[in-house]
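Asker: Pasting a structure here, questions to come.
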Amino acid sequence: MKFSIKLVLSTMIVLALALGFSGFYFVNYVFETSLDREVGQSLDESSILSFAFETAALNVPLKYSVLPDSVVEEIASKLEMGGQGGGRLLRIADEEKNVLYTSGGFTADEGLLPQTDEHTKSYRVIRAQDSFYVHTCVSINALNRILYLETMKDVTGVFTERAMGFSLYRKVTVVILLTGTVIMLFIASLLTKPIRLLTKATREMAAGDYTYRARQISRDELGQLTGDFNRMANALEENICKLEEEIEAREEFMGAFAHELKTPLTAIIGYADMLRSHKLDEEKSIMSANYIYTEGKRLEAMSFRLLDIIVAKQDEAQMQETQVGELFAYLREMFAEKKDMDIRFTHEDAVVRMEANLIKTVLVNLIDNACKASETSAVSEAGVVEVSGQTVDGGYRIAVRDYGIGIPEAEQSKIVKAFYMVDKSRARSKNGAGLGLALCAEILKIHHSRLQIESKEGEGSCFSFILAHSGGMD
Ligand code: ADP
């Protein structure tokens, strides 16, 4: 059952119970009051009748010392006539409670007589056929006799009024409930609108539309829920986008990896097949073996690089306070042999938190790339590579600058992807596999840093990164 219908039903049940109880209480209260009034009047009337009887008995001739039954009947019939609208209903009984006189139409049984004595008045409400009466009984003290006078007063009107009251109240209740249901349906529909909007958003998202958001139309708890739902949807969409990007990157990686494997393997298999199936002269045999060797070496280098990347991804860096001077001394020594390039090292001394071996790998890669890019450049400063280190806002910046061929702007964001090479044949001829910068990026990631690339095609490039400064300067 719909929530709005449940809301309407429960409200209507409460309203029906409230109306029912209040109606019953109200109508009954009016009835009880009217009945009490009628009972009071009946008792007053029977007192007046008994007084009238006693007064009439005073006129009995002196010859009687006790009021005779015939006089009782005579007085009773006179009293009976005196009633409004054609007579009273009364009954007279003697001291033994034997009935002496009964009006026509007096139908009450004698149940009240035993409960009454000469000092008490009694009454009850009785039903005779379809009518209701107040039945009273009082004693009369007349001429040495104790008699009992019973009266019956018709109070059917009070009961009829009660029945009419209930019937009217039922009708009013039905009308109120019907109108209330219509109004409540409208209110419930308004109140549950945020829930319907949320349900729609949930369904749209479940069907794959992660951009769909629920409209927030109130500021109450449901409005807050909608806001929270939308925030959750934003986070979900972001994560899904990240996941999709990761999957795409992985697929790209697998495709590039397969391609990079295929090229050297095809050469190796081709030359190996030639060696085993043809009798080649010595020169050709050496040439074939050479191809197999160099391509094999390339594969080996590639697998080492891949291993390095995997290790760097899983590594939890063992950060140590490192003197930048030591790092630069190592690099200077390492590239001292490279006589064809002018590699200039300048640095500000500082102590920086890093895993020195990994940062050395990054810088060796960057300097290697800078040298390769400079080899074919026509720029006058080509052949100069500047490696610098200086303290900047937020850390220590190390940069490798070359005046080589540069990188086209469109390629700059792609070169850190695994296996990406701007000029594949040129890179392969220099034993490149497009993995060096990917490795650098992974290493810098575990140092909470990233590679910044500034480059202009034909003018050279500058690769830099910032490491957290430990603060202590030497
Ligand atoms: P590779 O093993 O091919 O050097 P890298 O990941 O180190 O792989 O570099 C990816 C590509 O980025 C290179 O093939 C090259 O085209 C380009 N590249 C890297 N560094 C430079 C640079 N300093 N100047 C120009 N191009 C560069």
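Chain lettering (A, B, ...) mirrors the order of the structure tokens, residue numbering begins at 1 for each chain separately, and ligand numbering begins at 1 in order of display.
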Identify, on the basis of only C-alpha atoms, every residue whose closest approach to Lys153 (chain A) does not exceed 7 Å; exclude the query and any residue fewer than 5 positions from it along the same chain; express the result as a list in words.

Answerer: Ser42, Tyr133, Val134 and His135 of chain A

Asker: Taking only region 188-354 of chain A into account, list the residues labelled strand (DSSP E) by DSSP (computed from the backbone), as a ChimeraX atom specification.

Answerer: /A:320-323,342-347,351-354

Asker: With C-alpha atoms kept, could you save the residues just selected as a PDB file, in the first residue's frame?

Answerer:
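This is the output file part17.pdb:
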```pdb
ATOM      1  CA  GLN A 320      64.557   9.783   5.304  1.00  0.00           C
ATOM      2  CA  GLU A 321      66.013  13.212   5.896  1.00  0.00           C
ATOM      3  CA  THR A 322      68.479  13.464   3.004  1.00  0.00           C
ATOM      4  CA  GLN A 323      71.122  16.049   2.238  1.00  0.00           C
ATOM      5  CA  ASP A 342      77.188  19.644 -20.964  1.00  0.00           C
ATOM      6  CA  ILE A 343      75.255  18.720 -17.822  1.00  0.00           C
ATOM      7  CA  ARG A 344      75.274  21.564 -15.287  1.00  0.00           C
ATOM      8  CA  PHE A 345      74.353  20.909 -11.682  1.00  0.00           C
ATOM      9  CA  THR A 346      73.430  23.781  -9.313  1.00  0.00           C
ATOM     10  CA  HIS A 347      71.688  23.418  -5.992  1.00  0.00           C
ATOM     11  CA  VAL A 351      67.690  18.626   4.050  1.00  0.00           C
ATOM     12  CA  VAL A 352      64.683  17.091   2.307  1.00  0.00           C
ATOM     13  CA  ARG A 353      62.464  14.120   3.266  1.00  0.00           C
ATOM     14  CA  MET A 354      62.656  11.531   0.492  1.00  0.00           C
TER      15      MET A 354
END
```

Asker: Do you know which residues are within 7 Å of ligand 1 using only C-alpha atoms and all ligand atoms? Can you write them as an MDAnalysis selection string?

Answerer: chainID A and resid 365:366 369:370 373 402 404:407 415:416 418:424 427:428 431:438 460:461

Asker: Just the residues within 10 Å of Tyr169 (chain A), please, counting only C-alpha atoms, with nothing from its chain fewer than 5 positions along; format it as a CSV table (one decimal) with N, CA, C and O atoms, in the first residue's frame.

Answerer:
```csv
chain,number,residue,atom,x,y,z
A,19,LEU,N,-14.2,11.6,16.5
A,19,LEU,CA,-15.6,12.1,16.3
A,19,LEU,C,-16.6,11.2,17.0
A,19,LEU,O,-17.6,11.6,17.6
A,20,GLY,N,-16.4,9.9,16.8
A,20,GLY,CA,-17.3,8.9,17.4
A,20,GLY,C,-17.5,9.0,18.9
A,20,GLY,O,-18.6,9.2,19.4
A,22,SER,N,-16.5,11.6,20.9
A,22,SER,CA,-17.0,12.9,21.3
A,22,SER,C,-18.5,13.0,21.0
A,22,SER,O,-19.2,13.5,21.9
A,23,GLY,N,-18.9,12.5,19.9
A,23,GLY,CA,-20.4,12.5,19.6
A,23,GLY,C,-21.2,11.7,20.6
A,23,GLY,O,-22.2,12.2,21.1
A,24,PHE,N,-20.7,10.5,20.9
A,24,PHE,CA,-21.4,9.6,21.8
A,24,PHE,C,-21.5,10.3,23.2
A,24,PHE,O,-22.6,10.4,23.8
A,26,PHE,N,-21.3,13.5,23.9
A,26,PHE,CA,-22.1,14.7,23.9
A,26,PHE,C,-23.6,14.4,23.9
A,26,PHE,O,-24.4,14.9,24.7
A,27,VAL,N,-24.0,13.5,22.9
A,27,VAL,CA,-25.4,13.2,22.8
A,27,VAL,C,-25.9,12.5,24.1
A,27,VAL,O,-27.0,12.9,24.6
A,163,ALA,N,-32.0,9.3,20.1
A,163,ALA,CA,-31.8,8.5,18.8
A,163,ALA,C,-31.6,9.5,17.7
A,163,ALA,O,-30.7,9.2,16.8
A,164,MET,N,-32.4,10.6,17.7
A,164,MET,CA,-32.2,11.6,16.6
A,164,MET,C,-30.8,12.2,16.6
A,164,MET,O,-30.1,12.5,15.6
A,174,VAL,N,-19.9,11.2,8.9
A,174,VAL,CA,-19.7,10.7,7.6
A,174,VAL,C,-19.2,11.8,6.6
A,174,VAL,O,-18.2,11.7,5.9
A,175,VAL,N,-20.0,13.0,6.7
A,175,VAL,CA,-19.6,14.1,5.8
A,175,VAL,C,-18.2,14.6,6.2
A,175,VAL,O,-17.4,14.8,5.3
```

Asker: With only C-alpha atoms as the atoms that count, which of A:Glu283, A:Leu261, A:Phe3, A:Ala52 lies nearest to Met302 (chain A)?

Answerer: A:Leu261

Asker: Report the residues of region 189-438 of chain A whose backbone DSSP state falls under helix (DSSP H, G or I), written as a PyMOL selection string.

Answerer: chain A and resi 189-191+193-206+221-277+282-314+324-334+356-375+409-412+424-429+436-438

Asker: Using only C-alpha atoms, which of the listed residues (A:Leu35, A:Ile268, A:Leu306, A:Ala188) sits closest to Ser288 (chain A)?

Answerer: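 Among A:Leu35, A:Ile268, A:Leu306, A:Ala188, it is A:Ile268 that comes nearest to Ser288 (chain A).
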
Asker: Show me, as a count of residues only, the residues that have an atom within 10 Å of Asn290 (chain A) when counting only C-alpha atoms, minus same-chain residues fewer than 5 positions from it.

Answerer: 6

Asker: Quick one: everything within 8 Å of region 213-215 of chain A, counting only C-alpha atoms, minus sequence neighbours fewer than 2 positions away in the same chain. Send it as an MDAnalysis selection string.

Answerer: chainID A and resid 194 197:198 200:201 211 217 226 229:230 233

Asker: Go ahead and write the selection's residues with N, CA and C atoms as a PDB file, in the first residue's frame.

Answerer:
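Writing done, so here's again.pdb:
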```pdb
ATOM      1  N   PRO A 194       8.498  14.793  -1.924  1.00  0.00           N
ATOM      2  CA  PRO A 194       9.952  14.579  -1.899  1.00  0.00           C
ATOM      3  C   PRO A 194      10.315  13.088  -1.984  1.00  0.00           C
ATOM      4  N   LEU A 197      10.039  12.042  -5.557  1.00  0.00           N
ATOM      5  CA  LEU A 197      11.168  12.548  -6.358  1.00  0.00           C
ATOM      6  C   LEU A 197      12.432  11.732  -6.072  1.00  0.00           C
ATOM      7  N   LEU A 198      12.602  11.374  -4.777  1.00  0.00           N
ATOM      8  CA  LEU A 198      13.772  10.561  -4.411  1.00  0.00           C
ATOM      9  C   LEU A 198      13.706   9.183  -5.061  1.00  0.00           C
ATOM     10  N   LYS A 200      12.212   8.386  -7.795  1.00  0.00           N
ATOM     11  CA  LYS A 200      12.486   8.506  -9.237  1.00  0.00           C
ATOM     12  C   LYS A 200      14.004   8.604  -9.466  1.00  0.00           C
ATOM     13  N   ALA A 201      14.659   9.434  -8.605  1.00  0.00           N
ATOM     14  CA  ALA A 201      16.110   9.602  -8.766  1.00  0.00           C
ATOM     15  C   ALA A 201      16.825   8.268  -8.545  1.00  0.00           C
ATOM     16  N   THR A 211      23.995  10.895 -13.526  1.00  0.00           N
ATOM     17  CA  THR A 211      23.975  12.359 -13.445  1.00  0.00           C
ATOM     18  C   THR A 211      22.624  12.858 -12.910  1.00  0.00           C
ATOM     19  N   ILE A 217      12.667  20.126  -2.678  1.00  0.00           N
ATOM     20  CA  ILE A 217      11.555  21.079  -2.673  1.00  0.00           C
ATOM     21  C   ILE A 217      11.159  21.515  -1.264  1.00  0.00           C
ATOM     22  N   THR A 226      16.978  14.518   0.872  1.00  0.00           N
ATOM     23  CA  THR A 226      17.223  14.699  -0.563  1.00  0.00           C
ATOM     24  C   THR A 226      18.616  15.289  -0.783  1.00  0.00           C
ATOM     25  N   PHE A 229      21.121  12.676  -0.152  1.00  0.00           N
ATOM     26  CA  PHE A 229      21.087  11.699  -1.251  1.00  0.00           C
ATOM     27  C   PHE A 229      21.869  12.244  -2.457  1.00  0.00           C
ATOM     28  N   ASN A 230      21.651  13.548  -2.750  1.00  0.00           N
ATOM     29  CA  ASN A 230      22.340  14.143  -3.898  1.00  0.00           C
ATOM     30  C   ASN A 230      23.843  14.191  -3.669  1.00  0.00           C
ATOM     31  N   ALA A 233      25.072  10.849  -4.253  1.00  0.00           N
ATOM     32  CA  ALA A 233      25.088  10.582  -5.701  1.00  0.00           C
ATOM     33  C   ALA A 233      26.304  11.239  -6.358  1.00  0.00           C
TER      34      ALA A 233
END
```

Asker: Work out how far apart CA of Ser167 (chain A) and CA of Met12 (chain A) are and give it in Å to one decimal.

Answerer: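 Spanning CA of Ser167 (chain A) to CA of Met12 (chain A) is a straight-line distance of 19.9 Å.
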
Asker: If we count only C-alpha atoms and set the cut-off at 12 Å, which residues sit around Phe51 (chain A), ignoring sequence neighbours fewer than 5 positions away in its own chain? Please answer as a PyMOL selection string.

Answerer: chain A and resi 44-46+56-58+75+79+138-142+149

Asker: Rounded to one decimal in Å, what is the spacing between CA of Phe53 (chain A) and CA of Gly111 (chain A)?

Answerer: 22.8 Å

Asker: Set the distance at 9 Å and use only C-alpha atoms: which residues neighbour Phe463 (chain A) once local chain neighbours fewer than 2 positions away are removed? I'd like the list as a list in words.

Answerer: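 Counting only C-alpha atoms, the residues come to Leu366, Ile398, Ala399, Val400, Arg401, Asp402, Leu451, Gln452, Ile453, Glu454, Ser455, Ser461 and Phe465 of chain A.
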
Asker: Please measure the separation of CA of Ile146 (chain A) and CA of Glu118 (chain A), giving the value in Å to one decimal.

Answerer: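 Rounded to one decimal, the two atoms are 7.0 Å apart.
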